[in-house]
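Participant: Here you go, this is final12.cif (mmCIF, C-alpha atoms).
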```
data_model
#
loop_
_atom_site.label_atom_id
_atom_site.label_comp_id
_atom_site.auth_asym_id
_atom_site.auth_seq_id
_atom_site.Cartn_x
_atom_site.Cartn_y
_atom_site.Cartn_z
CA LEU A 37 11.11 -9.90 7.53
CA SER A 38 8.89 -7.85 9.71
CA ASP A 39 5.59 -9.52 10.62
CA SER A 40 3.86 -6.23 9.90
CA TRP A 41 4.62 -6.63 6.18
CA THR A 42 2.64 -9.84 5.76
CA SER A 43 -0.38 -7.83 4.59
CA TRP A 44 -0.82 -4.36 3.17
CA GLN A 45 -3.21 -3.35 5.96
CA LEU A 46 -0.63 -4.22 8.65
CA ALA A 47 2.18 -2.66 6.63
CA LYS A 48 0.26 0.58 6.15
CA GLU A 49 -0.59 0.77 9.86
CA THR A 50 3.09 0.21 10.68
CA LEU A 51 4.22 2.95 8.28
CA GLU A 52 1.68 5.38 9.69
CA LYS A 53 2.81 4.59 13.26
CA LYS A 54 6.48 4.97 12.32
CA PHE A 55 5.74 8.34 10.69
CA ARG A 56 3.89 9.49 13.84
CA ASP A 57 6.86 8.35 15.97
CA ALA A 58 9.30 10.04 13.59
CA LYS A 59 7.48 13.37 13.83
CA LYS A 60 9.46 14.38 16.94
CA ARG A 61 12.77 13.16 15.55
CA THR A 62 12.33 14.84 12.16
CA GLU A 63 11.97 18.23 13.81
CA ALA A 64 15.73 18.09 14.38
CA SER A 65 16.96 16.07 11.40
CA HIS A 66 14.26 16.78 8.80
CA VAL A 67 14.96 13.36 7.24
CA VAL A 68 13.00 10.09 7.05
CA VAL A 69 14.50 6.99 5.43
CA VAL A 70 12.42 3.89 4.67
CA TYR A 71 14.07 0.72 3.32
CA LEU A 72 11.89 -1.97 1.73
CA SER A 73 13.26 -5.32 0.65
CA VAL A 74 10.43 -7.09 -1.19
CA HIS A 75 9.98 -8.34 -4.72
CA GLY A 76 8.81 -5.77 -7.23
CA ILE A 77 6.77 -6.69 -10.28
CA SER A 78 4.48 -4.90 -12.74
CA ASP A 79 0.87 -5.90 -13.20
CA GLU A 80 -0.93 -6.38 -16.54
CA SER A 81 -1.29 -2.62 -17.03
CA GLY A 82 2.39 -1.90 -16.23
CA THR A 83 1.76 -0.60 -12.72
CA PRO A 84 4.76 -1.24 -10.44
CA CYS A 85 3.65 -3.37 -7.49
CA LEU A 86 5.18 -5.06 -4.46
CA LEU A 87 4.76 -8.74 -3.67
CA LEU A 88 4.34 -9.14 0.07
CA PRO A 89 5.02 -12.55 1.66
CA ASN A 90 1.30 -13.39 1.70
CA SER A 91 0.63 -12.11 -1.82
CA ASP A 92 -0.51 -14.66 -4.36
CA PRO A 93 2.16 -14.32 -7.06
CA LEU A 94 -0.34 -15.51 -9.69
CA ASN A 95 -3.07 -13.02 -8.68
CA SER A 96 -2.17 -9.37 -9.27
CA GLU A 97 -5.19 -8.34 -7.19
CA SER A 98 -3.19 -9.38 -4.12
CA TRP A 99 -0.17 -7.25 -5.09
CA ILE A 100 0.36 -3.81 -3.55
CA PRO A 101 0.58 -0.99 -6.09
CA LEU A 102 3.69 1.02 -5.26
CA SER A 103 1.60 4.18 -5.64
CA GLU A 104 -0.21 3.19 -2.43
CA VAL A 105 3.09 2.96 -0.57
CA LEU A 106 4.19 6.32 -1.98
CA SER A 107 0.91 7.92 -0.91
CA CYS A 108 1.75 7.04 2.70
CA PHE A 109 4.52 9.64 2.46
CA LYS A 110 1.79 12.32 2.27
CA SER A 111 1.28 11.69 5.98
CA PRO A 112 0.32 14.80 7.94
CA ASP A 113 3.06 13.74 10.37
CA LEU A 114 5.69 14.43 7.70
CA SER A 115 5.77 18.12 6.90
CA SER A 116 6.75 19.36 3.48
CA SER A 117 10.12 20.43 4.92
CA VAL A 118 11.00 16.80 5.74
CA HIS A 119 13.25 15.07 3.20
CA LYS A 120 11.82 11.63 2.50
CA LEU A 121 13.96 8.81 1.09
CA LEU A 122 12.37 5.51 0.06
CA ILE A 123 14.98 2.86 -0.71
CA LEU A 124 13.63 -0.07 -2.70
CA ASP A 125 15.55 -3.33 -2.81
CA SER A 126 12.95 -4.82 -5.13
CA SER A 127 14.69 -5.84 -8.32
CA ARG A 128 15.98 -9.34 -7.65
CA MET A 129 13.75 -11.01 -10.20
CA THR A 130 14.35 -10.19 -13.87
CA SER A 131 12.28 -13.15 -15.03
CA ASN A 132 10.30 -15.95 -13.47
CA TRP A 133 8.87 -18.57 -15.79
CA HIS A 134 6.77 -20.11 -12.99
CA LEU A 135 4.90 -16.81 -12.70
CA GLY A 136 4.75 -16.21 -16.44
CA VAL A 137 7.20 -13.30 -16.18
CA LEU A 138 9.47 -13.33 -19.21
CA TYR A 139 10.89 -9.89 -18.41
CA ASN A 140 10.12 -8.01 -15.19
CA THR A 141 9.26 -4.41 -16.09
CA PHE A 142 9.14 -3.13 -12.48
CA SER A 143 12.23 -0.91 -12.85
CA ASP A 144 11.16 0.20 -16.33
CA HIS A 145 7.85 1.62 -15.07
CA LEU A 146 9.20 2.98 -11.78
CA LYS A 147 10.46 6.34 -13.08
CA ASN A 148 7.10 7.37 -14.60
CA LEU A 149 5.21 6.34 -11.49
CA ILE A 150 7.50 8.32 -9.21
CA GLU A 151 7.37 11.41 -11.40
CA ASN A 152 3.56 11.24 -11.50
CA VAL A 153 3.12 10.63 -7.76
CA VAL A 154 5.61 13.26 -6.63
CA THR A 155 4.24 15.96 -8.93
CA GLN A 156 0.54 15.09 -9.24
CA ASP A 157 -0.02 13.83 -5.72
CA ASP A 158 2.21 16.54 -4.27
CA VAL A 159 4.65 14.62 -2.12
CA PRO A 160 7.35 17.27 -1.68
CA GLY A 161 10.81 16.14 -0.67
CA LEU A 162 10.31 12.50 -1.72
CA VAL A 163 13.22 10.71 -3.42
CA VAL A 164 13.08 7.04 -4.41
CA LEU A 165 16.22 4.97 -4.83
CA ASN A 166 15.90 1.54 -6.44
CA SER A 167 18.60 -1.11 -6.15
CA ALA A 168 18.70 -1.67 -9.91
CA GLY A 169 17.73 0.12 -13.08
CA PRO A 170 15.82 -1.15 -16.11
CA GLY A 171 17.29 -4.41 -17.39
CA GLU A 172 19.43 -4.82 -14.26
CA MET A 173 19.09 -7.24 -11.39
CA GLY A 174 19.86 -6.82 -7.69
CA TRP A 175 21.84 -9.85 -6.58
CA SER A 176 21.09 -11.86 -3.45
CA SER A 177 23.90 -13.15 -1.28
CA PRO A 178 23.26 -15.93 1.23
CA GLU A 179 26.77 -15.34 2.61
CA LEU A 180 25.92 -11.72 3.40
CA SER A 181 22.37 -12.56 4.62
CA HIS A 182 21.09 -9.71 2.45
CA SER A 183 21.10 -8.59 -1.09
CA VAL A 184 24.50 -7.23 -2.11
CA PHE A 185 22.89 -3.79 -2.43
CA GLY A 186 21.36 -4.02 1.06
CA HIS A 187 24.60 -5.20 2.64
CA TYR A 188 26.64 -2.30 1.29
CA LEU A 189 23.85 0.19 1.91
CA PHE A 190 23.81 -0.76 5.61
CA GLU A 191 27.61 -0.64 5.80
CA GLY A 192 27.56 2.84 4.33
CA LEU A 193 24.83 4.02 6.70
CA ARG A 194 26.86 2.66 9.65
CA GLY A 195 29.74 4.91 8.62
CA GLU A 196 31.92 2.46 6.69
CA ALA A 197 31.84 4.79 3.67
CA ASP A 198 33.63 7.40 5.81
CA GLN A 199 36.57 5.11 6.55
CA ALA A 200 39.77 5.32 4.51
CA LYS A 201 40.63 1.95 2.98
CA GLU A 202 44.12 0.73 2.17
CA GLY A 203 44.84 1.06 -1.53
CA GLY A 204 41.74 3.16 -2.14
#
```
Is it possible to give me this structure as structure tokens?

Facilitator:
Amino acid sequence: LSDSWTSWQLAKETLEKKFRDAKKRTEASHVVVVYLSVHGISDESGTPCLLLPNSDPLNSESWIPLSEVLSCFKSPDLSSSVHKLLILDSSRMTSNWHLGVLYNTFSDHLKNLIENVVTQDDVPGLVVLNSAGPGEMGWSSPELSHSVFGHYLFEGLRGEADQAKEGG
């Protein structure tokens, strides 16, 4: 876990710096990929939020509304011609009785939020990929040192998806 994601202020500064650094690289590739592996949860009003390591899980005021993260993609350092991919590995908690979560609606509310932010807030070229859909759970794997989704995502990005496998 990156130290910069212990608070939203540090995380936002890090994203903004990464986008400034990416400005030169995106001139050639026109692509920015951001992967976030944090718990997702919806607040009382159904707003999808992220729980950072220092968030108080019992106080939704300390959670980061995902809309704030998405608004960072409106950075002037990312032109409208840049394709933006946000990969969320945030669906590993379908319920948590200790937090009073009988059913986590994060994935359920995600689609509406994304549609509203991309169209209303005008974030052209933004695509959001979540590790699980409504009612699904992203599985953790201590053996893989990642979530199962994250492990295979990284393998694919390293080129493993391009390799022919025996019997496949």

Participant: In Å, how far is it from CA of Ile77 in chain A to CA of Asn152 in chain A?

Facilitator: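 A separation of 18.3 Å between them.
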
Participant: Give me, as a PDB file with C-alpha atoms, keeping the file's coordinate frame, all polymer residues having an atom no more than 12 Å from His182 in chain A, counting all atoms listed in the file and skipping those fewer than 3 positions away in the same chain.

Facilitator:
```pdb
ATOM      1  CA  LEU A  37      11.110  -9.900   7.530  1.00  0.00           C
ATOM      2  CA  SER A  73      13.260  -5.320   0.650  1.00  0.00           C
ATOM      3  CA  VAL A  74      10.430  -7.090  -1.190  1.00  0.00           C
ATOM      4  CA  ASP A 125      15.550  -3.330  -2.810  1.00  0.00           C
ATOM      5  CA  ARG A 128      15.980  -9.340  -7.650  1.00  0.00           C
ATOM      6  CA  GLY A 174      19.860  -6.820  -7.690  1.00  0.00           C
ATOM      7  CA  TRP A 175      21.840  -9.850  -6.580  1.00  0.00           C
ATOM      8  CA  SER A 176      21.090 -11.860  -3.450  1.00  0.00           C
ATOM      9  CA  SER A 177      23.900 -13.150  -1.280  1.00  0.00           C
ATOM     10  CA  PRO A 178      23.260 -15.930   1.230  1.00  0.00           C
ATOM     11  CA  GLU A 179      26.770 -15.340   2.610  1.00  0.00           C
ATOM     12  CA  PHE A 185      22.890  -3.790  -2.430  1.00  0.00           C
ATOM     13  CA  GLY A 186      21.360  -4.020   1.060  1.00  0.00           C
ATOM     14  CA  HIS A 187      24.600  -5.200   2.640  1.00  0.00           C
ATOM     15  CA  TYR A 188      26.640  -2.300   1.290  1.00  0.00           C
ATOM     16  CA  LEU A 189      23.850   0.190   1.910  1.00  0.00           C
ATOM     17  CA  PHE A 190      23.810  -0.760   5.610  1.00  0.00           C
ATOM     18  CA  GLU A 191      27.610  -0.640   5.800  1.00  0.00           C
TER      19      GLU A 191
END
```

Participant: Got a sec to resolve the PyMOL selection byres ((chain A and resi 158-173) around 9) on this structure and send the residues as a ChimeraX atom specification?

Facilitator: /A:106-107,109-110,115-130,139-146,150,153-157,174-175,185-186

Participant: Nearest to Ser103 in chain A: which of A:Leu149, A:Val68, A:Leu88, A:Ala58 is it, counting only C-alpha atoms?

Facilitator: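 That would be A:Leu149, the residue with the smallest distance to Ser103 in chain A.
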
Participant: Considering only C-alpha atoms, can you say which of A:Lys48, A:Lys147, A:Arg194, A:Arg56 comes closest to Asp113 in chain A?

Facilitator: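 Nearest candidate to Asp113 in chain A out of A:Lys48, A:Lys147, A:Arg194, A:Arg56: A:Arg56.
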
Participant: Counting all atoms listed in the file, which of A:Asn148, A:Val105, A:Trp133, A:Leu180 gets nearest to Glu49 in chain A?

Facilitator: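 Smallest separation from Glu49 in chain A among the options: A:Val105.
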
Participant: Take the PyMOL selection byres ((chain A and resi 101) around 9), run it mentally on this structure, and tell me the resulting residues as a PyMOL selection string.

Facilitator: chain A and resi 78-79+83-86+99-100+102-105

Participant: Considering only C-alpha atoms, can you say which of A:Glu151, A:Asp198, A:Ser96, A:Arg61 comes closest to Gly76 in chain A?

Facilitator: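 Smallest distance to Gly76 in chain A is found for A:Ser96.
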
Participant: How far is it from CA of Ser91 in chain A to CA of Val69 in chain A, in Å with one decimal?

Facilitator: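 Those two atoms sit 24.7 Å apart.
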
Participant: Can you work out which one of A:Pro89, A:Tyr71, A:Glu80, A:Leu138 has the shortest atom-to-atom distance to Leu193 in chain A, counting all atoms listed in the file?

Facilitator: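 Once distances to Leu193 in chain A are computed over all atoms listed in the file, the minimum belongs to A:Tyr71.
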
Participant: With the PyMOL selection byres ((chain A and resi 40) around 12) as the selection, what would be picked from this file? Answer as JSON, numbers by chain, please.

Facilitator: {"A": [37, 38, 39, 41, 42, 43, 44, 45, 46, 47, 48, 49, 50, 51, 52, 53, 54, 88, 89, 90]}

Participant: Between CA of Cys108 in chain A and CA of Lys60 in chain A, what is the distance in Å, rounded to a tenth?

Facilitator: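 CA of Lys60 in chain A lies 17.8 Å from CA of Cys108 in chain A.
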
Participant: Please, can range 81-92 of chain A be completed to all heavy atoms and returned as an mmCIF file, in the coordinates of the input?

Facilitator:
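This went into selection.cif:
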```
data_model
loop_
_atom_site.group_PDB
_atom_site.id
_atom_site.type_symbol
_atom_site.label_atom_id
_atom_site.label_comp_id
_atom_site.auth_asym_id
_atom_site.auth_seq_id
_atom_site.Cartn_x
_atom_site.Cartn_y
_atom_site.Cartn_z
ATOM 1 N N SER A 81 -1.229 -3.966 -16.446
ATOM 2 C CA SER A 81 -1.290 -2.620 -17.030
ATOM 3 C C SER A 81 0.042 -1.876 -16.904
ATOM 4 O O SER A 81 0.127 -0.714 -17.282
ATOM 5 C CB SER A 81 -2.407 -1.814 -16.364
ATOM 6 O OG SER A 81 -2.112 -1.596 -14.994
ATOM 7 N N GLY A 82 1.072 -2.535 -16.368
ATOM 8 C CA GLY A 82 2.390 -1.900 -16.230
ATOM 9 C C GLY A 82 2.561 -1.118 -14.942
ATOM 10 O O GLY A 82 3.522 -0.374 -14.799
ATOM 11 N N THR A 83 1.657 -1.288 -14.003
ATOM 12 C CA THR A 83 1.760 -0.600 -12.720
ATOM 13 C C THR A 83 2.768 -1.315 -11.831
ATOM 14 O O THR A 83 2.625 -2.509 -11.565
ATOM 15 C CB THR A 83 0.391 -0.582 -12.008
ATOM 16 O OG1 THR A 83 -0.552 0.074 -12.847
ATOM 17 C CG2 THR A 83 0.474 0.116 -10.667
ATOM 18 N N PRO A 84 3.809 -0.608 -11.355
ATOM 19 C CA PRO A 84 4.760 -1.240 -10.440
ATOM 20 C C PRO A 84 4.076 -1.608 -9.125
ATOM 21 O O PRO A 84 3.383 -0.789 -8.527
ATOM 22 C CB PRO A 84 5.822 -0.163 -10.210
ATOM 23 C CG PRO A 84 5.667 0.790 -11.342
ATOM 24 C CD PRO A 84 4.209 0.753 -11.702
ATOM 25 N N CYS A 85 4.279 -2.849 -8.705
ATOM 26 C CA CYS A 85 3.650 -3.370 -7.490
ATOM 27 C C CYS A 85 4.692 -4.083 -6.640
ATOM 28 O O CYS A 85 5.768 -4.439 -7.121
ATOM 29 C CB CYS A 85 2.558 -4.370 -7.846
ATOM 30 S SG CYS A 85 1.195 -3.685 -8.800
ATOM 31 N N LEU A 86 4.337 -4.303 -5.381
ATOM 32 C CA LEU A 86 5.180 -5.060 -4.460
ATOM 33 C C LEU A 86 4.483 -6.370 -4.126
ATOM 34 O O LEU A 86 3.263 -6.404 -3.933
ATOM 35 C CB LEU A 86 5.443 -4.267 -3.185
ATOM 36 C CG LEU A 86 6.134 -2.923 -3.371
ATOM 37 C CD1 LEU A 86 6.295 -2.214 -2.028
ATOM 38 C CD2 LEU A 86 7.475 -3.077 -4.054
ATOM 39 N N LEU A 87 5.270 -7.435 -4.076
ATOM 40 C CA LEU A 87 4.760 -8.740 -3.670
ATOM 41 C C LEU A 87 5.107 -8.939 -2.204
ATOM 42 O O LEU A 87 6.272 -9.118 -1.853
ATOM 43 C CB LEU A 87 5.419 -9.857 -4.480
ATOM 44 C CG LEU A 87 5.044 -9.990 -5.935
ATOM 45 C CD1 LEU A 87 5.899 -11.066 -6.597
ATOM 46 C CD2 LEU A 87 3.584 -10.327 -6.084
ATOM 47 N N LEU A 88 4.118 -8.882 -1.348
ATOM 48 C CA LEU A 88 4.340 -9.140 0.070
ATOM 49 C C LEU A 88 4.380 -10.647 0.291
ATOM 50 O O LEU A 88 3.932 -11.414 -0.564
ATOM 51 C CB LEU A 88 3.245 -8.491 0.905
ATOM 52 C CG LEU A 88 3.150 -6.970 0.797
ATOM 53 C CD1 LEU A 88 2.091 -6.437 1.751
ATOM 54 C CD2 LEU A 88 4.477 -6.300 1.059
ATOM 55 N N PRO A 89 4.903 -11.109 1.426
ATOM 56 C CA PRO A 89 5.020 -12.550 1.660
ATOM 57 C C PRO A 89 3.707 -13.321 1.497
ATOM 58 O O PRO A 89 3.720 -14.456 1.065
ATOM 59 C CB PRO A 89 5.525 -12.640 3.102
ATOM 60 C CG PRO A 89 6.252 -11.361 3.310
ATOM 61 C CD PRO A 89 5.499 -10.331 2.511
ATOM 62 N N ASN A 90 2.587 -12.700 1.816
ATOM 63 C CA ASN A 90 1.300 -13.390 1.700
ATOM 64 C C ASN A 90 0.582 -13.108 0.382
ATOM 65 O O ASN A 90 -0.547 -13.542 0.188
ATOM 66 C CB ASN A 90 0.378 -13.027 2.868
ATOM 67 C CG ASN A 90 0.874 -13.622 4.168
ATOM 68 O OD1 ASN A 90 1.746 -14.474 4.170
ATOM 69 N ND2 ASN A 90 0.324 -13.165 5.269
ATOM 70 N N SER A 91 1.244 -12.369 -0.515
ATOM 71 C CA SER A 91 0.630 -12.110 -1.820
ATOM 72 C C SER A 91 0.606 -13.393 -2.629
ATOM 73 O O SER A 91 1.524 -14.206 -2.554
ATOM 74 C CB SER A 91 1.455 -11.068 -2.598
ATOM 75 O OG SER A 91 1.463 -9.824 -1.966
ATOM 76 N N ASP A 92 -0.435 -13.541 -3.423
ATOM 77 C CA ASP A 92 -0.510 -14.660 -4.360
ATOM 78 C C ASP A 92 0.228 -14.210 -5.623
ATOM 79 O O ASP A 92 -0.244 -13.310 -6.323
ATOM 80 C CB ASP A 92 -1.970 -14.981 -4.665
ATOM 81 C CG ASP A 92 -2.139 -16.097 -5.678
ATOM 82 O OD1 ASP A 92 -1.134 -16.541 -6.277
ATOM 83 O OD2 ASP A 92 -3.285 -16.525 -5.871
#
```
